[in-house]
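Just start_8.cif here, mmCIF, C-alpha atoms and all ligand atoms:
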data_my_file
#
loop_
_atom_site.group_PDB
_atom_site.id
_atom_site.type_symbol
_atom_site.label_atom_id
_atom_site.label_comp_id
_atom_site.auth_asym_id
_atom_site.auth_seq_id
_atom_site.Cartn_x
_atom_site.Cartn_y
_atom_site.Cartn_z
ATOM 1 C CA MET A 1413 -47.438 -87.778 -12.890
ATOM 2 C CA PRO A 1414 -47.858 -84.096 -13.915
ATOM 3 C CA ARG A 1415 -49.748 -83.384 -17.121
ATOM 4 C CA GLU A 1416 -47.844 -82.725 -20.357
ATOM 5 C CA TYR A 1417 -49.394 -80.464 -22.995
ATOM 6 C CA SER A 1418 -49.438 -81.218 -26.713
ATOM 7 C CA ALA A 1419 -47.820 -78.944 -29.327
ATOM 8 C CA ASP A 1420 -51.290 -77.589 -30.235
ATOM 9 C CA GLU A 1421 -51.927 -76.520 -26.657
ATOM 10 C CA LEU A 1422 -48.764 -74.466 -26.117
ATOM 11 C CA LEU A 1423 -49.454 -70.850 -25.149
ATOM 12 C CA PRO A 1424 -47.069 -67.912 -25.845
ATOM 13 C CA LEU A 1425 -44.501 -67.789 -23.064
ATOM 14 C CA SER A 1426 -44.268 -63.991 -23.268
ATOM 15 C CA GLY A 1427 -47.906 -63.884 -22.084
ATOM 16 C CA ILE A 1428 -46.822 -64.867 -18.588
ATOM 17 C CA GLN A 1429 -45.682 -61.282 -17.947
ATOM 18 C CA HIS A 1430 -49.079 -59.933 -19.084
ATOM 19 C CA PHE A 1431 -50.821 -62.492 -16.888
ATOM 20 C CA LEU A 1432 -48.868 -61.449 -13.816
ATOM 21 C CA PHE A 1433 -49.317 -57.740 -14.623
ATOM 22 C CA CYS A 1434 -53.101 -58.108 -15.032
ATOM 23 C CA ARG A 1435 -55.025 -61.304 -15.794
ATOM 24 C CA ARG A 1436 -57.648 -59.291 -17.665
ATOM 25 C CA GLN A 1437 -54.969 -57.758 -19.908
ATOM 26 C CA TRP A 1438 -53.651 -61.244 -20.687
ATOM 27 C CA ALA A 1439 -57.158 -62.531 -21.476
ATOM 28 C CA LEU A 1440 -57.944 -59.554 -23.734
ATOM 29 C CA ILE A 1441 -54.765 -60.291 -25.710
ATOM 30 C CA HIS A 1442 -54.646 -64.099 -25.683
ATOM 31 C CA VAL A 1443 -58.265 -65.188 -25.249
ATOM 32 C CA GLU A 1444 -60.043 -62.359 -27.091
ATOM 33 C CA MET A 1445 -57.112 -61.619 -29.438
ATOM 34 C CA GLN A 1446 -57.231 -57.863 -28.918
ATOM 35 C CA TRP A 1447 -54.019 -55.872 -28.978
ATOM 36 C CA LYS A 1448 -53.272 -52.211 -28.861
ATOM 37 C CA GLU A 1449 -49.840 -50.711 -28.922
ATOM 38 C CA ASN A 1450 -48.849 -47.781 -26.753
ATOM 39 C CA VAL A 1451 -45.525 -46.016 -26.552
ATOM 40 C CA LEU A 1452 -44.193 -48.469 -23.951
ATOM 41 C CA THR A 1453 -44.940 -51.588 -26.010
ATOM 42 C CA ALA A 1454 -43.686 -49.895 -29.200
ATOM 43 C CA GLU A 1455 -40.347 -49.084 -27.585
ATOM 44 C CA GLY A 1456 -40.110 -52.625 -26.249
ATOM 45 C CA ARG A 1457 -40.846 -54.068 -29.689
ATOM 46 C CA LEU A 1458 -38.196 -51.881 -31.347
ATOM 47 C CA MET A 1459 -35.649 -52.941 -28.759
ATOM 48 C CA HIS A 1460 -36.461 -56.594 -29.358
ATOM 49 C CA GLN A 1461 -36.157 -56.123 -33.121
ATOM 50 C CA ARG A 1462 -32.609 -54.921 -32.539
ATOM 51 C CA VAL A 1463 -31.880 -57.955 -30.364
ATOM 52 C CA ASP A 1464 -33.683 -60.449 -32.604
ATOM 53 C CA ASP A 1465 -31.155 -61.458 -35.216
ATOM 54 C CA PRO A 1466 -32.080 -65.072 -35.985
ATOM 55 C CA PHE A 1467 -29.408 -67.711 -36.307
ATOM 56 C CA PHE A 1468 -26.644 -65.279 -35.351
ATOM 57 C CA THR A 1469 -24.048 -66.787 -33.051
ATOM 58 C CA GLU A 1470 -20.895 -65.187 -31.785
ATOM 59 C CA VAL A 1471 -18.165 -65.990 -29.295
ATOM 60 C CA ARG A 1472 -17.084 -63.370 -26.770
ATOM 61 C CA ASN A 1473 -14.509 -64.159 -24.090
ATOM 62 C CA GLY A 1474 -15.158 -67.876 -24.472
ATOM 63 C CA VAL A 1475 -18.947 -67.409 -24.116
ATOM 64 C CA ILE A 1476 -21.020 -68.603 -27.079
ATOM 65 C CA LEU A 1477 -23.960 -66.299 -27.708
ATOM 66 C CA ALA A 1478 -27.057 -67.496 -29.570
ATOM 67 C CA ARG A 1479 -29.789 -64.982 -30.358
ATOM 68 C CA SER A 1480 -33.531 -65.475 -30.877
ATOM 69 C CA VAL A 1481 -33.557 -69.049 -29.646
ATOM 70 C CA PRO A 1482 -36.901 -70.930 -30.033
ATOM 71 C CA ILE A 1483 -37.916 -72.646 -26.786
ATOM 72 C CA ALA A 1484 -40.804 -74.770 -25.498
ATOM 73 C CA SER A 1485 -41.887 -76.672 -22.415
ATOM 74 C CA TYR A 1486 -44.562 -79.349 -22.698
ATOM 75 C CA ARG A 1487 -44.744 -79.519 -18.896
ATOM 76 C CA LEU A 1488 -45.542 -75.804 -18.594
ATOM 77 C CA GLY A 1489 -47.436 -75.730 -21.906
ATOM 78 C CA LEU A 1490 -45.509 -72.671 -23.086
ATOM 79 C CA SER A 1491 -43.393 -71.817 -26.118
ATOM 80 C CA GLY A 1492 -41.603 -68.710 -27.288
ATOM 81 C CA ILE A 1493 -38.270 -67.148 -28.180
ATOM 82 C CA CYS A 1494 -35.337 -66.355 -25.892
ATOM 83 C CA ASP A 1495 -33.790 -62.996 -26.765
ATOM 84 C CA ALA A 1496 -30.370 -64.542 -26.195
ATOM 85 C CA VAL A 1497 -28.814 -67.599 -24.622
ATOM 86 C CA GLU A 1498 -25.229 -67.524 -23.411
ATOM 87 C CA PHE A 1499 -23.419 -70.860 -23.316
ATOM 88 C CA THR A 1500 -20.620 -70.769 -20.748
ATOM 89 C CA SER A 1501 -18.061 -73.512 -20.244
ATOM 90 C CA SER A 1502 -19.207 -75.825 -17.420
ATOM 91 C CA PRO A 1503 -19.043 -79.550 -16.614
ATOM 92 C CA GLU A 1504 -22.765 -79.248 -15.719
ATOM 93 C CA GLY A 1505 -23.599 -78.126 -19.253
ATOM 94 C CA VAL A 1506 -24.385 -79.752 -22.590
ATOM 95 C CA LYS A 1507 -22.231 -80.689 -25.552
ATOM 96 C CA ILE A 1508 -22.274 -78.349 -28.538
ATOM 97 C CA PRO A 1509 -21.478 -79.956 -31.900
ATOM 98 C CA GLY A 1510 -18.050 -78.989 -33.156
ATOM 99 C CA ARG A 1511 -16.843 -77.618 -29.810
ATOM 100 C CA GLU A 1512 -14.747 -79.076 -27.001
ATOM 101 C CA GLY A 1513 -16.197 -79.559 -23.513
ATOM 102 C CA LYS A 1514 -19.631 -78.751 -22.175
ATOM 103 C CA TYR A 1515 -21.529 -75.475 -21.995
ATOM 104 C CA LEU A 1516 -24.256 -74.317 -19.616
ATOM 105 C CA PRO A 1517 -27.076 -72.316 -21.261
ATOM 106 C CA ILE A 1518 -27.970 -69.064 -19.480
ATOM 107 C CA PRO A 1519 -31.013 -67.140 -20.789
ATOM 108 C CA VAL A 1520 -30.705 -63.366 -21.197
ATOM 109 C CA GLU A 1521 -33.886 -61.286 -21.525
ATOM 110 C CA TYR A 1522 -33.736 -57.677 -22.760
ATOM 111 C CA LYS A 1523 -36.184 -55.129 -21.353
ATOM 112 C CA ARG A 1524 -36.848 -51.564 -22.461
ATOM 113 C CA GLY A 1525 -37.125 -49.809 -19.107
ATOM 114 C CA ARG A 1526 -35.616 -50.313 -15.686
ATOM 115 C CA PRO A 1527 -35.980 -53.012 -12.994
ATOM 116 C CA LYS A 1528 -39.555 -53.254 -11.715
ATOM 117 C CA SER A 1529 -40.939 -53.606 -8.217
ATOM 118 C CA ASP A 1530 -42.927 -56.727 -9.154
ATOM 119 C CA PRO A 1531 -41.369 -59.980 -10.415
ATOM 120 C CA VAL A 1532 -42.912 -60.012 -13.944
ATOM 121 C CA ASP A 1533 -39.535 -59.973 -15.698
ATOM 122 C CA GLU A 1534 -38.012 -62.553 -13.350
ATOM 123 C CA VAL A 1535 -40.970 -64.885 -13.937
ATOM 124 C CA GLN A 1536 -40.609 -64.607 -17.716
ATOM 125 C CA LEU A 1537 -36.861 -65.281 -17.477
ATOM 126 C CA CYS A 1538 -37.438 -68.252 -15.175
ATOM 127 C CA ALA A 1539 -40.022 -69.706 -17.572
ATOM 128 C CA GLN A 1540 -37.437 -69.439 -20.364
ATOM 129 C CA ALA A 1541 -34.857 -71.228 -18.224
ATOM 130 C CA MET A 1542 -37.376 -73.975 -17.380
ATOM 131 C CA CYS A 1543 -37.995 -74.485 -21.110
ATOM 132 C CA LEU A 1544 -34.253 -74.774 -21.773
ATOM 133 C CA GLU A 1545 -33.879 -77.198 -18.859
ATOM 134 C CA GLU A 1546 -36.597 -79.442 -20.255
ATOM 135 C CA MET A 1547 -35.228 -79.261 -23.808
ATOM 136 C CA LEU A 1548 -31.580 -79.840 -22.904
ATOM 137 C CA SER A 1549 -31.830 -81.883 -19.659
ATOM 138 C CA VAL A 1550 -29.739 -79.439 -17.636
ATOM 139 C CA SER A 1551 -30.194 -77.403 -14.453
ATOM 140 C CA ILE A 1552 -29.953 -73.642 -14.880
ATOM 141 C CA PRO A 1553 -29.407 -71.862 -11.572
ATOM 142 C CA ALA A 1554 -29.519 -68.266 -12.859
ATOM 143 C CA GLY A 1555 -30.253 -66.010 -15.800
ATOM 144 C CA TYR A 1556 -29.793 -62.338 -16.723
ATOM 145 C CA LEU A 1557 -32.155 -59.413 -17.233
ATOM 146 C CA TYR A 1558 -30.766 -56.492 -19.250
ATOM 147 C CA TYR A 1559 -32.528 -53.123 -18.913
ATOM 148 C CA GLY A 1560 -32.269 -50.601 -21.754
ATOM 149 C CA GLU A 1561 -32.836 -47.538 -19.566
ATOM 150 C CA THR A 1562 -30.107 -48.354 -17.059
ATOM 151 C CA ARG A 1563 -27.951 -50.184 -19.637
ATOM 152 C CA HIS A 1564 -27.229 -52.684 -16.955
ATOM 153 C CA ARG A 1565 -27.787 -56.389 -16.589
ATOM 154 C CA THR A 1566 -28.801 -58.114 -13.388
ATOM 155 C CA ALA A 1567 -28.217 -61.743 -12.459
ATOM 156 C CA VAL A 1568 -31.431 -63.443 -11.331
ATOM 157 C CA ASN A 1569 -31.312 -66.450 -9.042
ATOM 158 C CA LEU A 1570 -33.866 -68.964 -10.331
ATOM 159 C CA GLY A 1571 -34.945 -70.375 -6.975
ATOM 160 C CA ASN A 1572 -37.841 -72.633 -6.011
ATOM 161 C CA GLU A 1573 -40.192 -69.785 -5.150
ATOM 162 C CA LEU A 1574 -39.848 -68.301 -8.646
ATOM 163 C CA ARG A 1575 -40.209 -71.722 -10.290
ATOM 164 C CA GLU A 1576 -43.376 -72.457 -8.306
ATOM 165 C CA LEU A 1577 -44.798 -69.090 -9.382
ATOM 166 C CA VAL A 1578 -44.051 -69.918 -13.036
ATOM 167 C CA GLN A 1579 -45.796 -73.290 -12.674
ATOM 168 C CA LYS A 1580 -48.799 -71.705 -10.963
ATOM 169 C CA MET A 1581 -49.128 -68.928 -13.559
ATOM 170 C CA ALA A 1582 -48.764 -71.343 -16.499
ATOM 171 C CA GLY A 1583 -51.438 -73.632 -15.007
ATOM 172 C CA GLU A 1584 -53.824 -70.699 -14.456
ATOM 173 C CA MET A 1585 -53.213 -69.379 -17.980
ATOM 174 C CA HIS A 1586 -54.236 -72.748 -19.416
ATOM 175 C CA ALA A 1587 -57.305 -72.928 -17.167
ATOM 176 C CA TYR A 1588 -58.423 -69.439 -18.298
ATOM 177 C CA PHE A 1589 -57.677 -70.249 -21.929
ATOM 178 C CA GLU A 1590 -59.609 -73.533 -21.868
ATOM 179 C CA ARG A 1591 -62.625 -71.747 -20.355
ATOM 180 C CA GLY A 1592 -62.252 -68.758 -22.711
ATOM 181 C CA TYR A 1593 -62.479 -66.663 -19.558
ATOM 182 C CA THR A 1594 -61.815 -62.919 -19.391
ATOM 183 C CA PRO A 1595 -61.810 -61.663 -15.787
ATOM 184 C CA LYS A 1596 -63.796 -58.573 -14.856
ATOM 185 C CA VAL A 1597 -61.968 -55.287 -14.550
ATOM 186 C CA LYS A 1598 -60.174 -54.424 -11.326
ATOM 187 C CA PRO A 1599 -58.801 -50.902 -11.789
ATOM 188 C CA SER A 1600 -55.363 -50.342 -10.291
ATOM 189 C CA LYS A 1601 -52.449 -47.973 -10.775
ATOM 190 C CA ALA A 1602 -51.177 -50.458 -13.410
ATOM 191 C CA CYS A 1603 -54.038 -49.281 -15.679
ATOM 192 C CA ARG A 1604 -52.206 -45.972 -16.264
ATOM 193 C CA SER A 1605 -49.450 -47.722 -18.243
ATOM 194 C CA CYS A 1606 -51.661 -50.424 -19.758
ATOM 195 C CA SER A 1607 -51.661 -50.538 -23.564
ATOM 196 C CA LEU A 1608 -55.225 -51.896 -23.528
ATOM 197 C CA ILE A 1609 -56.802 -49.139 -21.435
ATOM 198 C CA ASP A 1610 -58.877 -47.884 -24.404
ATOM 199 C CA ILE A 1611 -60.206 -51.391 -25.066
ATOM 200 C CA CYS A 1612 -60.620 -52.399 -21.433
ATOM 201 C CA LEU A 1613 -62.189 -49.062 -20.316
ATOM 202 C CA PRO A 1614 -61.574 -49.806 -16.621
ATOM 203 C CA ASN A 1615 -63.536 -46.824 -15.271
ATOM 204 C CA VAL A 1616 -66.573 -47.586 -17.432
ATOM 205 C CA GLN A 1617 -66.423 -51.345 -16.856
ATOM 206 C CA GLU A 1618 -66.109 -50.937 -13.113
ATOM 207 C CA LYS A 1619 -69.409 -49.076 -13.034
ATOM 208 C CA ALA A 1620 -71.044 -51.490 -15.469
ATOM 209 C CA THR A 1621 -73.655 -53.731 -13.983
ATOM 210 C CA SER A 1622 -75.163 -57.025 -15.074
ATOM 211 C CA VAL A 1623 -78.510 -57.062 -16.896
ATOM 212 C CA ALA A 1624 -80.091 -58.702 -13.832
ATOM 213 C CA ASN A 1625 -78.757 -55.997 -11.517
ATOM 214 C CA TYR A 1626 -79.798 -53.297 -13.983
ATOM 215 C CA ILE A 1627 -83.403 -54.569 -14.076
ATOM 216 C CA ARG A 1628 -83.479 -55.072 -10.295
ATOM 217 C CA GLU A 1629 -82.280 -51.506 -9.752
ATOM 218 C CA TRP A 1630 -85.069 -50.181 -11.981
ATOM 219 C CA VAL A 1631 -87.760 -52.395 -10.373
ATOM 220 C CA GLU A 1632 -86.680 -51.371 -6.862
ATOM 221 C CA ARG A 1633 -86.694 -47.740 -7.909
ATOM 222 C CA ASP A 1634 -90.471 -47.905 -8.686
HETATM 223 S S1 LIG B 1701 -56.751 -51.210 -18.124
HETATM 224 FE FE1 LIG B 1701 -56.276 -52.033 -16.075
HETATM 225 S S2 LIG B 1701 -57.796 -53.656 -15.703
HETATM 226 FE FE2 LIG B 1701 -57.818 -53.186 -17.899
HETATM 227 S S3 LIG B 1701 -56.449 -54.670 -18.811
HETATM 228 FE FE3 LIG B 1701 -55.241 -52.847 -18.397
HETATM 229 S S4 LIG B 1701 -54.350 -53.131 -16.359
HETATM 230 FE FE4 LIG B 1701 -55.990 -54.646 -16.609
#

Rendering of file as structure tokens:
Amino acid sequence: MPREYSADELLPLSGIQHFLFCRRQWALIHVEMQWKENVLTAEGRLMHQRVDDPFFTEVRNGVILARSVPIASYRLGLSGICDAVEFTSSPEGVKIPGREGKYLPIPVEYKRGRPKSDPVDEVQLCAQAMCLEEMLSVSIPAGYLYYGETRHRTAVNLGNELRELVQKMAGEMHAYFERGYTPKVKPSKACRSCSLIDICLPNVQEKATSVANYIREWVERD
């Protein structure tokens, strides 16, 4: 039987994108509690503030839209907020008080930029869907990612490969968190857009050596 986490152990779901982007960045934010905003994160935050309108629900073309929906999964050990959840009429869905029929919840995540070459956004969306599935006892086959730069939304198929990646990442996040572990720096091209570059100092850290190595280098030099 897979482990279930307690409410105290839940980690922020949004961290899964940091973890996939760079495990060190995630650890600096979530283990060491350091955070630095750059222009990319500021724009993303402003966009989310526009989307986040708690408790607002509207109906468009028969689709019920709920914004800023709190979610959690005790199997993944994650909790967070869905930017939006669309409930579309479906016999596979759930009952909504005061409404006829059943509705399938579809998570919609809003992103500042444009689609990325790595699956960080898809993984975050899939984790949201897995939370909703656990909370509402439904199966959610797909979700949507909306990109502010292209003003376009893309349907994302939430297949097994993506779900396994979510499970793996969530498990690793908990293992790192329990150990209080911050991985060593591994500079990559991602560092150029990293909001923590001034805290992480990848070029300095890469050259840094352990005390033991430092002493050995000096002893061998003599
Ligand atoms: S600067 Fe590079 S290594 Fe450091 S946290 Fe950011 S992405 Fe990771």

Selection as an NGL selection string: residues within 6 Å of ligand LIG 1701 (chain B) by all atoms listed in the file: :A and (1434 or 1436-1437 or 1597-1599 or 1602-1603 or 1606 or 1608-1609 or 1612 or 1614)

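Residue nearest Gln1429 of chain A within the list A:Ala1541, A:Arg1472, A:Ser1549, A:Glu1534: A:Glu1534 [criterion: smallest interatomic distance, all atoms listed in the file].
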
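In this model, the gap between atom CA of Glu1545 of chain A and atom CA of His1430 of chain A comes to 23.0 Å.
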
Determine the residue membership of the PyMOL selection byres (((chain A and resi 1419) around 10) and not hetatm) for the file above and supply it as a CSV table (one decimal) with C-alpha atoms, in the coordinates of the input.
chain,number,residue,atom,x,y,z
A,1416,GLU,CA,-47.8,-82.7,-20.4
A,1417,TYR,CA,-49.4,-80.5,-23.0
A,1418,SER,CA,-49.4,-81.2,-26.7
A,1420,ASP,CA,-51.3,-77.6,-30.2
A,1421,GLU,CA,-51.9,-76.5,-26.7
A,1422,LEU,CA,-48.8,-74.5,-26.1
A,1423,LEU,CA,-49.5,-70.8,-25.1
A,1484,ALA,CA,-40.8,-74.8,-25.5
A,1485,SER,CA,-41.9,-76.7,-22.4
A,1486,TYR,CA,-44.6,-79.3,-22.7
A,1489,GLY,CA,-47.4,-75.7,-21.9
A,1490,LEU,CA,-45.5,-72.7,-23.1
A,1491,SER,CA,-43.4,-71.8,-26.1

Counting only C-alpha atoms, the residue of A:Gln1540, A:Asn1569, A:Thr1562, A:Thr1500 that sits nearest Lys1523 of chain A: A:Thr1562

Name every residue that the PyMOL selection byres (((chain A and resi 1498) around 7) and not hetatm) selects in this structure, writing the answer as a JSON list (two decimals) with C-alpha atoms, in the coordinates of the input with chains first and numbers rising.
[["chain", "number", "residue", "atom", "x", "y", "z"],
["A", 1475, "VAL", "CA", -18.95, -67.41, -24.12],
["A", 1476, "ILE", "CA", -21.02, -68.60, -27.08],
["A", 1477, "LEU", "CA", -23.96, -66.30, -27.71],
["A", 1478, "ALA", "CA", -27.06, -67.50, -29.57],
["A", 1496, "ALA", "CA", -30.37, -64.54, -26.20],
["A", 1497, "VAL", "CA", -28.81, -67.60, -24.62],
["A", 1499, "PHE", "CA", -23.42, -70.86, -23.32],
["A", 1500, "THR", "CA", -20.62, -70.77, -20.75],
["A", 1517, "PRO", "CA", -27.08, -72.32, -21.26],
["A", 1518, "ILE", "CA", -27.97, -69.06, -19.48],
["A", 1519, "PRO", "CA", -31.01, -67.14, -20.79]]

Chain and number of each residue from the PyMOL selection byres (((chain A and resi 1532) around 7) and not hetatm), as a ChimeraX atom specification: /A:1429,1432-1433,1530-1531,1533-1536

Please report, as JSON, the centre and edge lengths in Å to one decimal of an axis-aligned box covering all listed atoms of segment 1583-1595 of chain A with 3 Å per side.
{"center_x": -57.0, "center_y": -67.6, "center_z": -18.6, "size_x": 17.2, "size_y": 18.0, "size_z": 14.3}

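The closest residue to His1564 of chain A, picked from A:Arg1524, A:Arg1415, A:His1442, A:Arg1591 and counting only C-alpha atoms, is A:Arg1524.
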
Given only C-alpha atoms as the counted atoms, nearest of A:Glu1576, A:Asp1495, A:Glu1584, A:Glu1521 to Ala1554 of chain A: A:Glu1521

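Here atom CA of Val1616 of chain A is placed at a distance of 26.3 Å from atom CA of Ile1428 of chain A.
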
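Nearest residue to Gln1579 of chain A, choosing from A:Val1471, A:Ala1539, A:Glu1444, A:Tyr1522 and counting only C-alpha atoms: A:Ala1539.
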
Exercise: Phe1589 of chain A partners within 8 Å, all atoms listed in the file, chain neighbours under 2 positions left out, as a ChimeraX atom specification: /A:1439,1442-1443,1585-1587,1591-1593

Atom-to-atom span, atom CA of Gly1427 of chain A and atom CA of Ile1552 of chain A, Å: 21.7 Å
